[in-house]
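Student: Take this structure first; my questions come after.
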Amino acid sequence: MLILSASLPFVSVSLSRARVSHLTNTSSSSEVSPISYFSYRSRGFRSSSVVYSSKVKVKAMAELVEDKESTKNRRSSSKSDEKVIPLSSGEENEATIGHSLTFLDVRSEEELLSGIRKETEAGRLPSTVAAGLEELYENYRNAVLQSGHPRAHEIILSNMAVAFDRILLEVEDPFAFSPHHKAIREPFDYYMFGQNYIRPLIDFRKSYVGNISVFNDIEEKLHQGHNVILISNHQTEADPAVISLLLETTNPRIAENLTYVAGDRVVTDPLCKPFSMGRNLVCVYSKKHMNDIPELAEMKRRANTRSLKEMALLLRGGSQIIWIAPSGGRDRPDPSTGEWFPAPFDTSSVDNIRRLAHHSGPPEHIYPLALMCHDIMPPPPQVEKEIGERRVISYHGVGLSAAPELSFDELAANHENPEEAKSAFSQALYSSVTEQYNLLKAAIHGKQGLKASNSTVCLSQPWQ
């Protein structure tokens with residue numbers, strides 16, 4: 001899902017009533033790891049109908065820059081702004097009536113899809129979003145069924161009902177992200193929502209983590225108050241969930257506390273925003289989309305400057321772990337061969353985050369991180385300007401690997417020219433990521449499994 005922090009109060013507020021209950025499937029299966037199920041009820045203010053025109057997109061982007069306070073028709077991430085009440089209370093008033101409950105009690109695929117038509121006919125769901133939901137359901141259903149899990153149909157219906165309800169709420173009452181967004185965990189746990197949604201798409205039997213000892217070293221650095229920067233390739237909107245799912249058993253501190261440098265698309269697309277709300281984010285505009293709308297280019301540059309300042313404040317506190325993809329976007333396959341590879345890193349992006357961490361105060365450590373998960377949710381073949389891409393989904397093995405930290409000072413000692421040193425450091429990080437990626441590729445696509453390990457990358461399956 002991405003690309004930068006003192007916590008700022010959210011300017012959007014709503015009153016909602018919600019209840020979240022967690023039921024865990026404890027049955028064992030060789031097909032996938034245990035899956036958590038949850039159900040809930042939530043009601044919030046309802047805003048006027050949303051039309052996803054170019055004007056609305058521009059407004060959504062501008063909200064990343066504007067710092068105006070509003071207390072109408074918006075949700076807050078603050079715990080004090082929302083109240084949790086039992087379902088049995090049956091209380092309703094003008095402040096809580098509004099959010100449609102269409103998707104909360106569906107019992108079948110037919111009811112779920114009928115709910116989309118109902119909300120569209122009622123004018124609460126734009127036809128473009130409705131079409132996206134129907135396609136999303138079909139693709140998600142087919143992917144989960146590939147797992148062969150005995151409760152696949154239950155998982156599909158449960159997860160998609162929750163997803164549809166959250167997306168509908170986003171259409172009714174759009175959430176505004178601040179430059180530094182902190183994951184919303186209550187009264188609705190958006191983090192677990194994302195985990196539960198992506199989990200059944202991963203074939204854990206054919207998934208691997210490289211160098212778990214490096215992740216342990218990272219956790220120790222965080223415990224000491226140091227800052228950690230993960231320089232990574234970027235494959236899918238599901239990257240944050242994939243990272244968390246592969247590390248949740250061994251390195252929960254990393255899994256839950258990572259802050260992702262996120263592009264504007266994941267905080268403006270209504271089908272993506274509910275998943276982004278469950279992650280710690282620093283919101284920036286990617287260079288790839290800086291000039292998509294020329295009249296917004298200057299606003300985007302100001303927003304990025306503000307986000308850099310927020311990140312500087314965040315790093316000064318120490319014990320921060322930041323994920324950034326200096327390529328500025330997701331990896332794409334070679335158009336001539338169809339082979340996937342990490343997109344080249346932008347040297348200036350690497351150097352900016354390095355200098356920011358270096359001048360923050362606490363000791364900083366920079367690690368190369370490789371991700372291989374494009375099979376479960378590949379991006380469009382080409383970079384698209386418009387918001388609202390098709391979501392292709394599959395069930396597949398994934399991989400994650402980290403290499404030992406790289407020192408800029410040690411590498412720069414071999415270069416008299418500062419610009420050459422910056423370029424060499426960026427290239428060293430990219431080479432490490434590419435090397436790790438190719439090994440994960442051999443393990444997953446080459447079906448070598450754990451035998452793909454070599455002297456620099458030791459693969460394991462820590463959930464076993």
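Identifiers in this document derive from the order of the structure tokens: chains are assigned A, B, ..., residues are numbered from 1 separately in each chain, and ligands are numbered from 1 in order of occurrence.
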Run DSSP on the backbone of this structure and report the residues of region 231-437 of chain A it assigns to alpha helix (DSSP H), as an NGL selection string.
Tutor: :A and (239-247 or 252-257 or 273-276 or 297-316 or 347-358 or 408-412 or 418-437)
Student: A:Pro378, A:Ile231, A:Asn251, A:Ile353: which is nearest Ala428 (chain A), counting only C-alpha atoms?
Tutor: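 Comparing A:Pro378, A:Ile231, A:Asn251, A:Ile353 against Ala428 (chain A), the winner is A:Ile231.
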Student: Quick check, in Å to one decimal: how far apart do CA of Phe103 (chain A) and CA of Leu133 (chain A) lie?
Tutor: 12.2 Å
Student: Please report as JSON lines every residue of region 209-319 of chain A lying within 9 Å of region 430-451 of chain A, along with the nearest atom pair and their distance in Å (one decimal), using only C-alpha atoms.
Tutor:
{"residue": "A:Val209", "atom": "CA", "partner": "A:Leu440", "partner_atom": "CA", "distance": 8.5}
{"residue": "A:Gly210", "atom": "CA", "partner": "A:Gln436", "partner_atom": "CA", "distance": 7.9}
{"residue": "A:Ile231", "atom": "CA", "partner": "A:Val433", "partner_atom": "CA", "distance": 8.4}
{"residue": "A:Ser232", "atom": "CA", "partner": "A:Val433", "partner_atom": "CA", "distance": 6.9}
{"residue": "A:Asn233", "atom": "CA", "partner": "A:Val433", "partner_atom": "CA", "distance": 7.2}
Student: Looking at A:Ala424, A:Thr456, A:Val392, A:Arg279, which one is nearest to Glu410 (chain A), with distances taken over only C-alpha atoms?
Tutor: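 For Glu410 (chain A), the nearest of the given residues is A:Ala424.
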Student: Which residues come within 8 Å of Asp346 (chain A), counting only C-alpha atoms, excluding same-chain residues fewer than 6 positions away, as a ChimeraX atom specification?
Tutor: /A:326-328,426
Student: Between A:Asn352, A:Ser286, A:Asn280, A:Asn304, which residue has the minimum interatomic distance to Ala255 (chain A), considering only C-alpha atoms?
Tutor: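 Smallest distance to Ala255 (chain A) is found for A:Asn280.
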Student: To one decimal place, how far is CA of Met311 (chain A) from CA of Phe188 (chain A) in Å?
Tutor: 26.2 Å
Student: Using only C-alpha atoms, which of the listed residues (A:Pro462, A:Gly329, A:Pro274, A:Gly317) sits closest to Arg166 (chain A)?
Tutor: A:Pro274
Student: If you count only C-alpha atoms, which residues fall within 10 Å of Ser407 (chain A), apart from same-chain ones fewer than 6 positions away, as number ranges by chain?
Tutor: A: 364-367, 425
Student: With a distance cut-off of 12 Å and only C-alpha atoms, select the neighbouring residues of Phe164 (chain A), excluding the residue or stretch itself and same-chain residues fewer than 4 positions from it, and output the selection as number ranges by chain.
Tutor: A: 100-106, 112-113, 115-116, 119, 125, 129-130, 132-134, 136-137, 156-160, 168-171, 193, 197, 270-272, 274-275
Student: Would you mind exporting the chosen residues as a compact mmCIF listing (two decimals), in the first residue's frame, restricted to N, CA and C atoms?
Tutor:
# COMPACT_ATOMS: atom_id res chain seq x y z
N SER A 100 -26.25 2.98 6.99
CA SER A 100 -27.07 1.84 6.59
C SER A 100 -26.50 0.53 7.13
N LEU A 101 -27.38 -0.33 7.64
CA LEU A 101 -26.96 -1.61 8.22
C LEU A 101 -27.13 -2.77 7.25
N THR A 102 -27.26 -2.46 5.97
CA THR A 102 -27.59 -3.46 4.97
C THR A 102 -26.69 -4.69 5.02
N PHE A 103 -25.39 -4.49 5.19
CA PHE A 103 -24.45 -5.61 5.05
C PHE A 103 -24.16 -6.34 6.37
N LEU A 104 -24.75 -5.89 7.47
CA LEU A 104 -24.37 -6.44 8.77
C LEU A 104 -24.98 -7.80 9.08
N ASP A 105 -26.11 -8.09 8.52
CA ASP A 105 -26.79 -9.34 8.88
C ASP A 105 -27.02 -10.27 7.69
N VAL A 106 -26.22 -10.14 6.65
CA VAL A 106 -26.40 -11.01 5.48
C VAL A 106 -26.06 -12.44 5.84
N LEU A 112 -25.81 -10.60 0.13
CA LEU A 112 -24.71 -9.66 0.07
C LEU A 112 -24.75 -8.85 -1.23
N LEU A 113 -24.89 -9.55 -2.35
CA LEU A 113 -24.93 -8.88 -3.64
C LEU A 113 -26.21 -8.06 -3.80
N GLY A 115 -27.59 -6.53 -1.44
CA GLY A 115 -27.37 -5.32 -0.65
C GLY A 115 -26.69 -4.23 -1.46
N ILE A 116 -25.78 -4.63 -2.36
CA ILE A 116 -25.13 -3.65 -3.23
C ILE A 116 -26.17 -2.96 -4.10
N GLU A 119 -28.36 -0.53 -1.98
CA GLU A 119 -27.71 0.72 -1.64
C GLU A 119 -27.53 1.62 -2.85
N LEU A 125 -24.87 4.56 -2.68
CA LEU A 125 -23.66 3.95 -3.22
C LEU A 125 -23.54 4.32 -4.70
N VAL A 129 -18.67 2.70 -7.63
CA VAL A 129 -18.22 1.97 -6.45
C VAL A 129 -18.94 0.63 -6.38
N ALA A 130 -20.24 0.61 -6.70
CA ALA A 130 -21.01 -0.63 -6.67
C ALA A 130 -20.42 -1.67 -7.61
N GLY A 132 -17.36 -1.82 -8.57
CA GLY A 132 -16.09 -2.26 -7.97
C GLY A 132 -16.29 -3.27 -6.87
N LEU A 133 -17.35 -3.11 -6.08
CA LEU A 133 -17.63 -4.06 -5.00
C LEU A 133 -18.01 -5.43 -5.55
N GLU A 134 -18.82 -5.45 -6.59
CA GLU A 134 -19.23 -6.73 -7.18
C GLU A 134 -18.02 -7.47 -7.74
N LEU A 136 -14.89 -7.00 -6.79
CA LEU A 136 -14.05 -7.36 -5.65
C LEU A 136 -14.54 -8.63 -5.00
N TYR A 137 -15.85 -8.75 -4.82
CA TYR A 137 -16.40 -9.95 -4.20
C TYR A 137 -16.09 -11.19 -5.03
N ILE A 156 -15.35 -16.18 3.41
CA ILE A 156 -15.64 -15.22 2.33
C ILE A 156 -16.78 -14.30 2.72
N LEU A 157 -17.89 -14.88 3.16
CA LEU A 157 -19.06 -14.08 3.48
C LEU A 157 -18.79 -13.14 4.66
N SER A 158 -18.12 -13.67 5.69
CA SER A 158 -17.83 -12.86 6.87
C SER A 158 -16.92 -11.68 6.53
N ASN A 159 -15.82 -11.95 5.85
CA ASN A 159 -14.86 -10.90 5.54
C ASN A 159 -15.41 -9.88 4.55
N MET A 160 -16.16 -10.35 3.55
CA MET A 160 -16.68 -9.41 2.56
C MET A 160 -17.82 -8.57 3.12
N LEU A 168 -18.96 1.16 2.60
CA LEU A 168 -20.18 1.95 2.54
C LEU A 168 -20.11 3.11 3.53
N LEU A 169 -19.61 2.86 4.73
CA LEU A 169 -19.47 3.92 5.72
C LEU A 169 -18.52 5.00 5.20
N GLU A 170 -17.47 4.58 4.49
CA GLU A 170 -16.52 5.54 3.92
C GLU A 170 -17.19 6.41 2.86
N VAL A 171 -18.10 5.83 2.08
CA VAL A 171 -18.82 6.60 1.07
C VAL A 171 -19.78 7.59 1.74
N PHE A 193 -9.06 -5.95 11.07
CA PHE A 193 -9.90 -6.05 9.88
C PHE A 193 -9.02 -6.35 8.66
N TYR A 197 -8.72 -9.98 6.59
CA TYR A 197 -9.10 -9.97 5.18
C TYR A 197 -8.01 -10.59 4.29
N PRO A 270 -11.89 4.91 -2.19
CA PRO A 270 -12.84 4.43 -1.17
C PRO A 270 -12.74 2.93 -0.90
N LEU A 271 -12.28 2.13 -1.86
CA LEU A 271 -12.15 0.70 -1.63
C LEU A 271 -10.88 0.37 -0.86
N CYS A 272 -9.95 1.32 -0.81
CA CYS A 272 -8.66 1.09 -0.15
C CYS A 272 -8.58 1.75 1.22
N PRO A 274 -10.48 2.04 4.00
CA PRO A 274 -10.71 1.33 5.26
C PRO A 274 -9.52 0.47 5.69
N PHE A 275 -8.79 -0.09 4.73
CA PHE A 275 -7.62 -0.89 5.06
C PHE A 275 -6.46 0.01 5.50
Student: As a list in words, please: the residues near Ser307 (chain A) (cut-off 7 Å, only C-alpha atoms, same-chain neighbours under 5 positions excluded).
Tutor: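 Skipping anything fewer than 5 positions along the chain leaves Leu4, Pro179, Val282, Cys283 and Val284 of chain A.
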Student: Write out, as a PDB file, in the first residue's frame, the residues just selected, with C-alpha atoms.
Tutor:
ATOM      1  CA  LEU A   4       6.255  10.334   6.102  1.00  0.00           C
ATOM      2  CA  PRO A 179      -0.141  13.811   7.411  1.00  0.00           C
ATOM      3  CA  VAL A 282       2.895   9.171   6.915  1.00  0.00           C
ATOM      4  CA  CYS A 283       1.064  10.444   3.840  1.00  0.00           C
ATOM      5  CA  VAL A 284       2.968  11.822   0.854  1.00  0.00           C
TER       6      VAL A 284
END
Student: Hey, can you check how far CA of Thr268 (chain A) sits from CA of Glu248 (chain A)?
Tutor: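 Distance reported for this atom pair: 27.8 Å.
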Student: Between A:Leu258, A:Ala357, A:Ile321, A:Ile167, single out the one closest to His99 (chain A), counting only C-alpha atoms.
Tutor: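 Checking each candidate against His99 (chain A), we get A:Ile167 as the closest.
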Student: From the DSSP assignment of the backbone, select every residue of region 255-314 of chain A that is strand (DSSP E), and format the answer as a list of chain:residue names.
Tutor: A:Thr259, A:Tyr260, A:Val261, A:Ala262, A:Asn280, A:Leu281, A:Val282, A:Cys283
Student: Take the residues from that selection and put them in a file with N, CA, C and O atoms, as a PDB file, in the first residue's frame.
Tutor:
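Everything below was put into out.pdb:
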ATOM      1  N   THR A 259       5.415   2.031  10.750  1.00  0.00           N
ATOM      2  CA  THR A 259       4.814   3.200  10.107  1.00  0.00           C
ATOM      3  C   THR A 259       5.203   3.165   8.638  1.00  0.00           C
ATOM      4  O   THR A 259       6.376   3.024   8.300  1.00  0.00           O
ATOM      5  N   TYR A 260       4.208   3.271   7.773  1.00  0.00           N
ATOM      6  CA  TYR A 260       4.428   3.165   6.332  1.00  0.00           C
ATOM      7  C   TYR A 260       4.351   4.541   5.681  1.00  0.00           C
ATOM      8  O   TYR A 260       3.431   5.314   5.939  1.00  0.00           O
ATOM      9  N   VAL A 261       5.334   4.836   4.849  1.00  0.00           N
ATOM     10  CA  VAL A 261       5.266   6.053   4.052  1.00  0.00           C
ATOM     11  C   VAL A 261       4.337   5.742   2.883  1.00  0.00           C
ATOM     12  O   VAL A 261       4.626   4.886   2.049  1.00  0.00           O
ATOM     13  N   ALA A 262       3.184   6.410   2.844  1.00  0.00           N
ATOM     14  CA  ALA A 262       2.088   6.010   1.959  1.00  0.00           C
ATOM     15  C   ALA A 262       1.749   7.062   0.929  1.00  0.00           C
ATOM     16  O   ALA A 262       1.651   8.249   1.251  1.00  0.00           O
ATOM     17  N   ASN A 280      -0.336   2.594  10.627  1.00  0.00           N
ATOM     18  CA  ASN A 280       0.340   3.850  10.918  1.00  0.00           C
ATOM     19  C   ASN A 280       0.924   4.368   9.618  1.00  0.00           C
ATOM     20  O   ASN A 280       1.681   3.656   8.945  1.00  0.00           O
ATOM     21  N   LEU A 281       0.577   5.581   9.249  1.00  0.00           N
ATOM     22  CA  LEU A 281       0.986   6.112   7.957  1.00  0.00           C
ATOM     23  C   LEU A 281       1.573   7.508   8.081  1.00  0.00           C
ATOM     24  O   LEU A 281       1.162   8.298   8.933  1.00  0.00           O
ATOM     25  N   VAL A 282       2.518   7.803   7.204  1.00  0.00           N
ATOM     26  CA  VAL A 282       2.895   9.171   6.915  1.00  0.00           C
ATOM     27  C   VAL A 282       2.547   9.379   5.450  1.00  0.00           C
ATOM     28  O   VAL A 282       3.045   8.651   4.579  1.00  0.00           O
ATOM     29  N   CYS A 283       1.653  10.307   5.176  1.00  0.00           N
ATOM     30  CA  CYS A 283       1.064  10.444   3.840  1.00  0.00           C
ATOM     31  C   CYS A 283       1.850  11.433   2.978  1.00  0.00           C
ATOM     32  O   CYS A 283       2.066  12.574   3.374  1.00  0.00           O
TER      33      CYS A 283
END
